[in-house]
There are 2 protein chains.
Amino acid sequence: MSDEARIALRDSLVRAGLLIATGVEGVFGRSGLFERIVEGFCDLVDAEAANDGAEVMRFPPVVTRADFERSGYMKSFPQLVGTVHAFNGNERDHATLLRRLEAGEDWTAGQAATGVVFTPAACYPAYPALAARGALSAEGALIDITSWCFRHEPSLDPARMQLFRQKEFVRVGAPDQVIAFRDLWKTRGEAIIAGLRLPLVIEVANDPFFGRAGRMLASSQREQALKFELLVPIASDIAPTACCSFNYHQDHFGHAWDIRRDDGTPAHTACVGFGLEHITLALLRHHGLDVPAWPADIRTALGL
Amino acid sequence: MSDEARIALRDSLVRAGLLIATGVEGVFGRSGLFERIVEGFCDLVDAEAANDGAEVMRFPPVVTRADFERSGYMKSFPQLVGTVHAFNGNERDHATLLRRLEAGEDWTAGQAATGVVFTPAACYPAYPALAARGALSAEGALIDITSWCFRHEPSLDPARMQLFRQKEFVRVGAPDQVIAFRDLWKTRGEAIIAGLRLPLVIEVANDPFFGRAGRMLASSQREQALKFELLVPIASDIAPTACCSFNYHQDHFGHAWDIRRDDGTPAHTACVGFGLEHITLALLRHHGLDVPAWPADIRTALGL
């Protein structure tokens, strides 16, 4: 897709008042109507999960730096991470900082890393929270989690935001438990998105691992079919956008954060993630920017 | 209040399953029940504001660095700010970073500031968004906004979180318009909190300005009665906690971001902010940690 097409799509969303431009690529405000679509979609997913008994956890949009360091994320995706830094100086340091700021120079060099990092994926804070409870029961655990996430990838594509929300369910336990969960949500996710009459494909996928070593990790992830994405065209018909992902992490997180099964072995984990901005943009792309003119069944399904 | 009292309160909230400890002071996960109290309170406030015709804006938990620099926040509250930094290096830099991380050394020194800063108060992104629209009409503007906020002030007090949510309404226009708005919400806020049978006082207050010059700014803000806080005891009866604030900024933000009235002069602004975690903690402190045992009228008011 050309930059012109990306800019045209972005500008049409801003002109329609659905997104608010901020001057930074991939960082937008949302209108009340945009948020009602997001909420309507979340309610649809929650209705599907109503009898699963998931435990709700909500975290601020950060993971602690100690937990983040254990995740291995910095090894695989260093280019996407947002560390949070703060000023720890005295009044003299402050005066220097303000002089730089007023001169239009870089004033951020003295900022020091705090104890938190922006959440890269909604489920990250849940794993150490679970691990802290001790060994799982034989049933394992099922978590319902939603969070703002940050990924440092400025782009003209309105469907590649630096700040976005993921709604996730996370299953933790034995391999057969978590694979069955992932496959159940592949079916559920497809039904939900197809029910909203969005054109979709589900494909084996890989995460955007960094560098040359990353290419091998990506290829191994694909060969083992650990990650599936549900894709819908948004900015491009040729390169559709991932709106949901269905992931089996094997025992990677179980090892990283020492989450133990009832038999003492590292837990396996899987998660399903719904990209709330991507899905909302897909709905706007396929049903139009004039939301009151959407087909009645879609509006009813989303409570609009 | 002693550290022991702060720790006891924090631990009772964690033991009751309402907050989830993360290992970093002032950073907690929330349970589903905690979130239902937050949502119930938001609905109460929205019912009060239902006929005001406020425009809903929702932003991710950041403000752009360019907008942030114009705000003057770095001058007044440098100690609270969270700048967001990212890795921009190549594969060799990445290898160095990983060696440091694995050796337990500081790996964050090479992180460079991105185009965003953590939102310090929910209303900040709204001002530049308004300014971008050009001069206001004679009616001015009224914005409904909610956001995660970050303030770097690690504390044992569970009512002093580093990451928390503010629900705000913002009025922009002529001095008389925005002062009337602030005074209306002082009355409304008191009625809402008193209706939840929380003991409260409303007092003239000041922001935590940095350094010696800051003490003068704080004293001037108090003398002019620009800021009022509604306080409820949470961790301490002697030093109650601000749960709502009612702020008149004069034309500070109108100047900073060039928001113009219909006559071309800088707009005046006021905001009312509800600290959603503080209010939820106040309810838990005064009605007990056993939410199903709360008085029926309180549960009804909050839809619990």
# chains A, B, ... in the order shown; residues from 1 in each chain; ligands from 1

$ residues_around --residues "Cys244 (chain A)" --least-positions-apart "4" --cutoff "9 Å" --atoms "only C-alpha atoms" --output "ChimeraX atom specification"
/A:186,189,228-231,272-276,278-279

$ closest_atom_pairs --of "chain B" --to "chain A" --cutoff "6 Å" --atoms "only C-alpha atoms" --output "JSON lines"
{"residue": "B:Gly29", "atom": "CA", "partner": "A:Phe59", "partner_atom": "CA", "distance": 4.4}
{"residue": "B:Arg30", "atom": "CA", "partner": "A:Arg58", "partner_atom": "CA", "distance": 5.0}
{"residue": "B:Ser31", "atom": "CA", "partner": "A:Met57", "partner_atom": "CA", "distance": 5.1}
{"residue": "B:Gly32", "atom": "CA", "partner": "A:Val56", "partner_atom": "CA", "distance": 4.8}
{"residue": "B:Val56", "atom": "CA", "partner": "A:Gly32", "partner_atom": "CA", "distance": 4.8}
{"residue": "B:Met57", "atom": "CA", "partner": "A:Ser31", "partner_atom": "CA", "distance": 5.1}
{"residue": "B:Arg58", "atom": "CA", "partner": "A:Arg30", "partner_atom": "CA", "distance": 5.0}
{"residue": "B:Phe59", "atom": "CA", "partner": "A:Gly29", "partner_atom": "CA", "distance": 4.4}
{"residue": "B:Gln79", "atom": "CA", "partner": "A:Phe87", "partner_atom": "CA", "distance": 5.5}
{"residue": "B:Val81", "atom": "CA", "partner": "A:Ala86", "partner_atom": "CA", "distance": 5.9}
{"residue": "B:Gly82", "atom": "CA", "partner": "A:Ala86", "partner_atom": "CA", "distance": 5.2}
{"residue": "B:Thr83", "atom": "CA", "partner": "A:His85", "partner_atom": "CA", "distance": 5.1}
{"residue": "B:Val84", "atom": "CA", "partner": "A:Val84", "partner_atom": "CA", "distance": 4.7}
{"residue": "B:His85", "atom": "CA", "partner": "A:Thr83", "partner_atom": "CA", "distance": 5.1}
{"residue": "B:Ala86", "atom": "CA", "partner": "A:Gly82", "partner_atom": "CA", "distance": 5.2}
{"residue": "B:Phe87", "atom": "CA", "partner": "A:Gln79", "partner_atom": "CA", "distance": 5.5}

$ atom_distance --atom1 "CA of Trp185 (chain A)" --atom2 "CA of Ala121 (chain A)"
17.9 Å

$ select_by_dssp --residues "region 108-296 of chain A" --states "strand (DSSP E or B)" --output "MDAnalysis selection string"
chainID A and resid 112:118 141:150 163:173 201:205 227:232 241:248 260 266 268:275

$ select_by_dssp --residues "region 76-144 of chain B" --states "alpha helix (DSSP H)" --output "list in words"
Ser76, Glu91, Arg92, Asp93, His94, Ala95, Thr96, Leu97, Leu98, Arg99, Arg100, Leu101, Glu102, Ala126, Tyr127, Pro128, Ala129, Leu130 and Ala131 of chain B

$ write_last_selection --atoms "all heavy atoms" --output "compact mmCIF listing (two decimals), in the first residue's frame"
# COMPACT_ATOMS: atom_id res chain seq x y z
N SER B 76 7.16 22.98 36.57
CA SER B 76 6.50 22.97 37.89
C SER B 76 6.62 21.64 38.61
O SER B 76 6.69 21.61 39.84
CB SER B 76 5.02 23.32 37.72
OG SER B 76 4.86 24.61 37.19
N GLU B 91 21.97 -4.28 15.48
CA GLU B 91 22.13 -5.60 16.11
C GLU B 91 23.31 -5.63 17.09
O GLU B 91 23.27 -6.33 18.09
CB GLU B 91 22.27 -6.68 15.05
CG GLU B 91 20.96 -6.86 14.28
CD GLU B 91 20.92 -8.11 13.43
OE1 GLU B 91 21.22 -9.20 13.95
OE2 GLU B 91 20.59 -8.01 12.24
N ARG B 92 24.37 -4.86 16.78
CA ARG B 92 25.51 -4.83 17.69
C ARG B 92 25.12 -4.16 19.02
O ARG B 92 25.45 -4.64 20.10
CB ARG B 92 26.70 -4.10 17.05
CG ARG B 92 28.01 -4.42 17.76
CD ARG B 92 29.18 -3.72 17.11
NE ARG B 92 29.05 -3.72 15.64
CZ ARG B 92 30.01 -3.34 14.81
NH1 ARG B 92 31.17 -2.94 15.29
NH2 ARG B 92 29.82 -3.33 13.51
N ASP B 93 24.39 -3.03 18.91
CA ASP B 93 23.91 -2.36 20.13
C ASP B 93 23.01 -3.29 20.94
O ASP B 93 23.03 -3.29 22.17
CB ASP B 93 23.11 -1.10 19.76
CG ASP B 93 23.90 -0.13 18.90
OD1 ASP B 93 25.11 0.01 19.14
OD2 ASP B 93 23.31 0.47 17.98
N HIS B 94 22.23 -4.06 20.21
CA HIS B 94 21.31 -4.98 20.88
C HIS B 94 22.09 -6.04 21.66
O HIS B 94 21.74 -6.36 22.80
CB HIS B 94 20.40 -5.64 19.82
CG HIS B 94 19.34 -6.52 20.41
ND1 HIS B 94 18.98 -7.72 19.86
CD2 HIS B 94 18.57 -6.37 21.51
CE1 HIS B 94 18.03 -8.28 20.60
NE2 HIS B 94 17.75 -7.48 21.60
N ALA B 95 23.17 -6.54 21.05
CA ALA B 95 23.99 -7.55 21.75
C ALA B 95 24.59 -6.96 23.02
O ALA B 95 24.62 -7.62 24.07
CB ALA B 95 25.08 -8.06 20.81
N THR B 96 25.05 -5.71 22.94
CA THR B 96 25.60 -5.04 24.13
C THR B 96 24.54 -4.90 25.21
O THR B 96 24.78 -5.17 26.40
CB THR B 96 26.13 -3.64 23.74
OG1 THR B 96 27.06 -3.80 22.66
CG2 THR B 96 26.81 -2.97 24.91
N LEU B 97 23.37 -4.46 24.79
CA LEU B 97 22.26 -4.29 25.73
C LEU B 97 21.94 -5.61 26.44
O LEU B 97 21.79 -5.65 27.67
CB LEU B 97 21.04 -3.78 24.95
CG LEU B 97 19.79 -3.39 25.74
CD1 LEU B 97 18.96 -2.39 24.93
CD2 LEU B 97 18.94 -4.58 26.10
N LEU B 98 21.89 -6.68 25.67
CA LEU B 98 21.53 -7.98 26.28
C LEU B 98 22.62 -8.46 27.24
O LEU B 98 22.31 -9.06 28.27
CB LEU B 98 21.30 -9.03 25.19
CG LEU B 98 20.02 -8.83 24.35
CD1 LEU B 98 19.88 -9.97 23.34
CD2 LEU B 98 18.78 -8.75 25.23
N ARG B 99 23.89 -8.17 26.89
CA ARG B 99 24.97 -8.56 27.81
C ARG B 99 24.81 -7.84 29.15
O ARG B 99 24.96 -8.43 30.20
CB ARG B 99 26.34 -8.20 27.20
CG ARG B 99 27.02 -9.36 26.48
CD ARG B 99 28.51 -9.12 26.30
NE ARG B 99 28.84 -7.83 25.70
CZ ARG B 99 28.82 -7.58 24.39
NH1 ARG B 99 28.51 -8.54 23.53
NH2 ARG B 99 29.11 -6.38 23.94
N ARG B 100 24.47 -6.54 29.08
CA ARG B 100 24.27 -5.77 30.31
C ARG B 100 23.08 -6.33 31.11
O ARG B 100 23.15 -6.49 32.31
CB ARG B 100 23.99 -4.30 29.97
CG ARG B 100 25.24 -3.59 29.49
CD ARG B 100 25.08 -2.07 29.59
NE ARG B 100 26.27 -1.46 29.00
CZ ARG B 100 26.25 -0.54 28.04
NH1 ARG B 100 25.09 -0.05 27.61
NH2 ARG B 100 27.36 -0.05 27.55
N LEU B 101 22.00 -6.59 30.39
CA LEU B 101 20.80 -7.10 31.05
C LEU B 101 21.12 -8.40 31.76
O LEU B 101 20.75 -8.60 32.93
CB LEU B 101 19.69 -7.30 30.00
CG LEU B 101 18.24 -7.31 30.48
CD1 LEU B 101 17.29 -7.10 29.31
CD2 LEU B 101 17.87 -8.58 31.20
N GLU B 102 21.84 -9.30 31.07
CA GLU B 102 22.13 -10.61 31.66
C GLU B 102 23.10 -10.51 32.82
O GLU B 102 23.06 -11.33 33.73
CB GLU B 102 22.63 -11.58 30.58
CG GLU B 102 21.45 -12.31 29.92
CD GLU B 102 21.70 -12.68 28.47
OE1 GLU B 102 22.82 -13.11 28.14
OE2 GLU B 102 20.74 -12.53 27.65
N ALA B 126 -6.46 17.04 25.88
CA ALA B 126 -7.66 17.70 25.33
C ALA B 126 -7.36 19.13 24.87
O ALA B 126 -7.95 19.60 23.89
CB ALA B 126 -8.77 17.73 26.38
N TYR B 127 -6.44 19.82 25.55
CA TYR B 127 -6.22 21.24 25.24
C TYR B 127 -5.63 21.44 23.84
O TYR B 127 -6.17 22.22 23.05
CB TYR B 127 -5.36 21.89 26.33
CG TYR B 127 -5.98 21.81 27.71
CD1 TYR B 127 -5.43 21.03 28.71
CD2 TYR B 127 -7.16 22.50 28.00
CE1 TYR B 127 -6.01 20.94 29.97
CE2 TYR B 127 -7.74 22.41 29.26
CZ TYR B 127 -7.16 21.63 30.23
OH TYR B 127 -7.74 21.54 31.47
N PRO B 128 -4.53 20.76 23.50
CA PRO B 128 -4.02 20.94 22.13
C PRO B 128 -5.02 20.45 21.08
O PRO B 128 -5.09 21.02 19.98
CB PRO B 128 -2.72 20.12 22.10
CG PRO B 128 -2.66 19.36 23.38
CD PRO B 128 -3.60 19.99 24.34
N ALA B 129 -5.82 19.41 21.41
CA ALA B 129 -6.84 18.94 20.45
C ALA B 129 -7.86 20.04 20.18
O ALA B 129 -8.28 20.26 19.04
CB ALA B 129 -7.52 17.68 20.98
N LEU B 130 -8.26 20.74 21.24
CA LEU B 130 -9.20 21.86 21.09
C LEU B 130 -8.57 23.00 20.30
O LEU B 130 -9.19 23.58 19.40
CB LEU B 130 -9.61 22.39 22.46
CG LEU B 130 -10.87 21.85 23.09
CD1 LEU B 130 -11.11 22.56 24.41
CD2 LEU B 130 -12.07 22.01 22.17
N ALA B 131 -7.33 23.33 20.66
CA ALA B 131 -6.65 24.45 20.00
C ALA B 131 -6.56 24.23 18.50
O ALA B 131 -6.69 25.17 17.71
CB ALA B 131 -5.25 24.63 20.60

$ atom_distance --atom1 "CA of Gln221 (chain A)" --atom2 "CA of His249 (chain A)"
9.5 Å

$ residues_around --residues "Asp258 (chain B)" --least-positions-apart "2" --cutoff "10 Å" --atoms "only C-alpha atoms" --output "short mmCIF file (atom, residue, chain, number, x, y, z; two decimals) with N, CA and C atoms, in the first residue's frame"
data_model
loop_
_atom_site.label_atom_id
_atom_site.label_comp_id
_atom_site.auth_asym_id
_atom_site.auth_seq_id
_atom_site.Cartn_x
_atom_site.Cartn_y
_atom_site.Cartn_z
N ARG B 70 5.08 22.27 25.85
CA ARG B 70 4.40 23.57 25.88
C ARG B 70 3.61 23.78 27.17
N TYR B 127 -6.44 19.82 25.55
CA TYR B 127 -6.22 21.24 25.24
C TYR B 127 -5.63 21.44 23.84
N PRO B 128 -4.53 20.76 23.50
CA PRO B 128 -4.02 20.94 22.13
C PRO B 128 -5.02 20.45 21.08
N LEU B 130 -8.26 20.74 21.24
CA LEU B 130 -9.20 21.86 21.09
C LEU B 130 -8.57 23.00 20.30
N ALA B 131 -7.33 23.33 20.66
CA ALA B 131 -6.65 24.45 20.00
C ALA B 131 -6.56 24.23 18.50
N ALA B 132 -6.37 22.97 18.09
CA ALA B 132 -6.20 22.65 16.67
C ALA B 132 -7.45 22.94 15.85
N GLY B 134 -9.15 25.69 15.97
CA GLY B 134 -9.33 27.12 15.73
C GLY B 134 -10.12 27.76 16.86
N ALA B 135 -10.47 29.03 16.70
CA ALA B 135 -11.11 29.79 17.78
C ALA B 135 -12.41 29.12 18.21
N ASP B 251 -5.79 31.70 32.41
CA ASP B 251 -5.51 31.48 30.98
C ASP B 251 -4.17 30.77 30.76
N HIS B 252 -3.70 30.03 31.80
CA HIS B 252 -2.41 29.33 31.68
C HIS B 252 -2.39 28.38 30.48
N PHE B 253 -3.40 27.51 30.36
CA PHE B 253 -3.42 26.54 29.25
C PHE B 253 -3.83 27.21 27.94
N GLY B 254 -4.68 28.23 28.03
CA GLY B 254 -5.03 28.98 26.82
C GLY B 254 -3.79 29.59 26.17
N HIS B 255 -2.91 30.15 27.02
CA HIS B 255 -1.63 30.68 26.54
C HIS B 255 -0.73 29.56 26.04
N ALA B 256 -0.57 28.52 26.87
CA ALA B 256 0.42 27.48 26.57
C ALA B 256 0.15 26.84 25.21
N ARG B 260 -7.94 29.89 21.60
CA ARG B 260 -8.48 31.25 21.45
C ARG B 260 -9.99 31.27 21.63
N ARG B 261 -10.47 32.29 22.31
CA ARG B 261 -11.91 32.54 22.39
C ARG B 261 -12.38 33.16 21.08
N GLY B 264 -10.71 36.27 20.11
CA GLY B 264 -9.28 36.21 19.83
C GLY B 264 -8.39 36.18 21.06
N THR B 265 -8.94 36.40 22.25
CA THR B 265 -8.12 36.37 23.48
C THR B 265 -7.91 34.92 23.91
N PRO B 266 -6.85 34.68 24.71
CA PRO B 266 -6.59 33.30 25.16
C PRO B 266 -7.75 32.80 26.03
N ALA B 267 -8.17 31.57 25.79
CA ALA B 267 -9.28 31.00 26.56
C ALA B 267 -8.87 30.75 28.00
#

$ residues_around --residues "Gly288 (chain B)" --least-positions-apart "3" --cutoff "12 Å" --atoms "only C-alpha atoms" --output "PyMOL selection string"
chain B and resi 9+12-13+16+18+198+234+280-285+291-295+298

$ write_last_selection --atoms "all heavy atoms" --output "CSV table (one decimal), in the first residue's frame"
chain,number,residue,atom,x,y,z
B,9,LEU,N,-2.7,-1.2,55.7
B,9,LEU,CA,-3.9,-0.9,54.8
B,9,LEU,C,-3.6,-1.6,53.5
B,9,LEU,O,-4.5,-2.3,52.9
B,9,LEU,CB,-4.0,0.6,54.7
B,9,LEU,CG,-5.1,1.0,53.7
B,9,LEU,CD1,-6.5,0.6,54.2
B,9,LEU,CD2,-5.1,2.5,53.4
B,12,SER,N,-4.0,-5.3,53.7
B,12,SER,CA,-5.4,-5.8,53.8
B,12,SER,C,-6.2,-5.8,52.5
B,12,SER,O,-7.0,-6.6,52.2
B,12,SER,CB,-6.2,-4.9,54.9
B,12,SER,OG,-6.4,-3.6,54.4
B,13,LEU,N,-5.9,-4.8,51.6
B,13,LEU,CA,-6.5,-4.7,50.3
B,13,LEU,C,-6.0,-5.8,49.4
B,13,LEU,O,-6.8,-6.4,48.6
B,13,LEU,CB,-6.2,-3.3,49.7
B,13,LEU,CG,-6.9,-2.1,50.4
B,13,LEU,CD1,-6.2,-0.8,50.1
B,13,LEU,CD2,-8.4,-2.1,49.9
B,16,ALA,N,-7.5,-9.1,50.7
B,16,ALA,CA,-8.9,-9.2,50.3
B,16,ALA,C,-9.1,-9.5,48.8
B,16,ALA,O,-10.2,-9.7,48.3
B,16,ALA,CB,-9.7,-8.0,50.7
B,18,LEU,N,-8.6,-7.4,46.4
B,18,LEU,CA,-9.1,-6.2,45.7
B,18,LEU,C,-8.0,-5.6,44.9
B,18,LEU,O,-8.2,-5.0,43.8
B,18,LEU,CB,-9.7,-5.2,46.7
B,18,LEU,CG,-11.0,-5.7,47.3
B,18,LEU,CD1,-11.2,-5.0,48.7
B,18,LEU,CD2,-12.2,-5.4,46.3
B,198,LEU,N,-19.7,9.2,52.6
B,198,LEU,CA,-18.2,9.3,52.9
B,198,LEU,C,-18.0,10.7,53.6
B,198,LEU,O,-18.6,11.7,53.2
B,198,LEU,CB,-17.4,9.3,51.7
B,198,LEU,CG,-17.4,8.0,50.9
B,198,LEU,CD1,-16.6,8.1,49.6
B,198,LEU,CD2,-16.9,6.8,51.7
B,234,ILE,N,-8.5,8.2,54.1
B,234,ILE,CA,-8.3,6.9,53.6
B,234,ILE,C,-7.3,6.2,54.5
B,234,ILE,O,-7.6,5.5,55.5
B,234,ILE,CB,-7.9,6.8,52.1
B,234,ILE,CG1,-9.0,7.5,51.3
B,234,ILE,CG2,-7.7,5.4,51.7
B,234,ILE,CD1,-8.7,7.5,49.8
B,280,THR,N,-12.6,4.8,45.2
B,280,THR,CA,-12.9,3.4,45.4
B,280,THR,C,-12.2,3.0,46.8
B,280,THR,O,-12.9,2.3,47.6
B,280,THR,CB,-12.3,2.6,44.3
B,280,THR,OG1,-13.0,3.0,43.1
B,280,THR,CG2,-12.6,1.1,44.4
B,281,LEU,N,-11.0,3.5,47.0
B,281,LEU,CA,-10.4,3.1,48.3
B,281,LEU,C,-11.1,3.8,49.5
B,281,LEU,O,-11.2,3.2,50.5
B,281,LEU,CB,-8.9,3.6,48.3
B,281,LEU,CG,-8.0,2.8,47.3
B,281,LEU,CD1,-6.6,3.5,47.3
B,281,LEU,CD2,-7.9,1.4,47.7
B,282,ALA,N,-11.6,5.0,49.3
B,282,ALA,CA,-12.4,5.6,50.3
B,282,ALA,C,-13.7,4.8,50.7
B,282,ALA,O,-14.0,4.7,51.8
B,282,ALA,CB,-12.8,7.1,49.9
B,283,LEU,N,-14.3,4.4,49.6
B,283,LEU,CA,-15.5,3.5,49.8
B,283,LEU,C,-15.2,2.3,50.6
B,283,LEU,O,-15.9,1.8,51.5
B,283,LEU,CB,-16.2,3.2,48.5
B,283,LEU,CG,-16.9,4.3,47.8
B,283,LEU,CD1,-17.1,4.1,46.3
B,283,LEU,CD2,-18.3,4.6,48.5
B,284,LEU,N,-14.1,1.6,50.2
B,284,LEU,CA,-13.6,0.4,50.9
B,284,LEU,C,-13.2,0.7,52.3
B,284,LEU,O,-13.5,-0.1,53.3
B,284,LEU,CB,-12.5,-0.2,50.1
B,284,LEU,CG,-12.9,-0.8,48.8
B,284,LEU,CD1,-11.6,-1.1,47.9
B,284,LEU,CD2,-13.7,-2.1,48.9
B,285,ARG,N,-12.6,1.8,52.6
B,285,ARG,CA,-12.2,2.2,53.9
B,285,ARG,C,-13.4,2.4,54.8
B,285,ARG,O,-13.5,2.0,56.0
B,285,ARG,CB,-11.3,3.4,53.9
B,285,ARG,CG,-11.3,4.3,55.1
B,285,ARG,CD,-10.4,3.7,56.2
B,285,ARG,NE,-10.7,4.3,57.5
B,285,ARG,CZ,-10.2,5.4,58.0
B,285,ARG,NH1,-9.3,6.1,57.2
B,285,ARG,NH2,-10.6,5.9,59.1
B,291,VAL,N,-17.5,-6.1,50.2
B,291,VAL,CA,-18.4,-5.3,49.4
B,291,VAL,C,-19.9,-5.8,49.4
B,291,VAL,O,-20.8,-5.0,49.5
B,291,VAL,CB,-17.9,-5.1,48.0
B,291,VAL,CG1,-18.8,-4.3,47.1
B,291,VAL,CG2,-16.5,-4.5,48.0
B,292,PRO,N,-20.1,-7.1,49.4
B,292,PRO,CA,-21.5,-7.5,49.4
B,292,PRO,C,-22.2,-7.2,50.7
B,292,PRO,O,-23.5,-7.1,50.8
B,292,PRO,CB,-21.4,-9.1,49.3
B,292,PRO,CG,-20.1,-9.3,48.6
B,292,PRO,CD,-19.2,-8.2,49.1
B,293,ALA,N,-21.4,-6.8,51.8
B,293,ALA,CA,-22.0,-6.4,53.0
B,293,ALA,C,-22.2,-4.9,53.2
B,293,ALA,O,-22.6,-4.4,54.2
B,293,ALA,CB,-21.2,-7.0,54.2
B,294,TRP,N,-21.9,-4.2,52.1
B,294,TRP,CA,-22.1,-2.7,52.2
B,294,TRP,C,-23.6,-2.4,52.4
B,294,TRP,O,-24.4,-3.2,51.9
B,294,TRP,CB,-21.6,-2.1,50.9
B,294,TRP,CG,-20.1,-1.9,50.8
B,294,TRP,CD1,-19.2,-2.4,51.6
B,294,TRP,CD2,-19.4,-1.2,49.7
B,294,TRP,NE1,-17.9,-2.0,51.1
B,294,TRP,CE2,-18.0,-1.3,50.0
B,294,TRP,CE3,-19.8,-0.6,48.5
B,294,TRP,CZ2,-17.1,-0.8,49.1
B,294,TRP,CZ3,-18.9,0.0,47.7
B,294,TRP,CH2,-17.5,-0.1,48.0
B,295,PRO,N,-23.9,-1.2,52.9
B,295,PRO,CA,-25.3,-0.8,53.0
B,295,PRO,C,-26.0,-0.9,51.7
B,295,PRO,O,-25.4,-0.6,50.6
B,295,PRO,CB,-25.2,0.6,53.5
B,295,PRO,CG,-23.9,0.7,54.2
B,295,PRO,CD,-23.0,-0.2,53.5
B,298,ILE,N,-26.0,2.1,49.3
B,298,ILE,CA,-24.7,2.4,48.6
B,298,ILE,C,-24.5,1.4,47.5
B,298,ILE,O,-24.1,1.8,46.3
B,298,ILE,CB,-23.5,2.2,49.6
B,298,ILE,CG1,-23.7,3.1,50.9
B,298,ILE,CG2,-22.2,2.5,48.9
B,298,ILE,CD1,-23.6,4.6,50.6

$ closest_residue --among "B:Thr269, B:Thr300, B:Ser236, B:Gln224" --to "Gly140 (chain B)" --atoms "only C-alpha atoms"
B:Thr269

$ atom_distance --atom1 "CA of Asp3 (chain A)" --atom2 "CA of Val232 (chain A)"
19.4 Å

$ closest_residue --among "B:Asn247, B:Gly53, B:Gly17, B:Arg36" --to "Ala180 (chain B)" --atoms "only C-alpha atoms"
B:Asn247
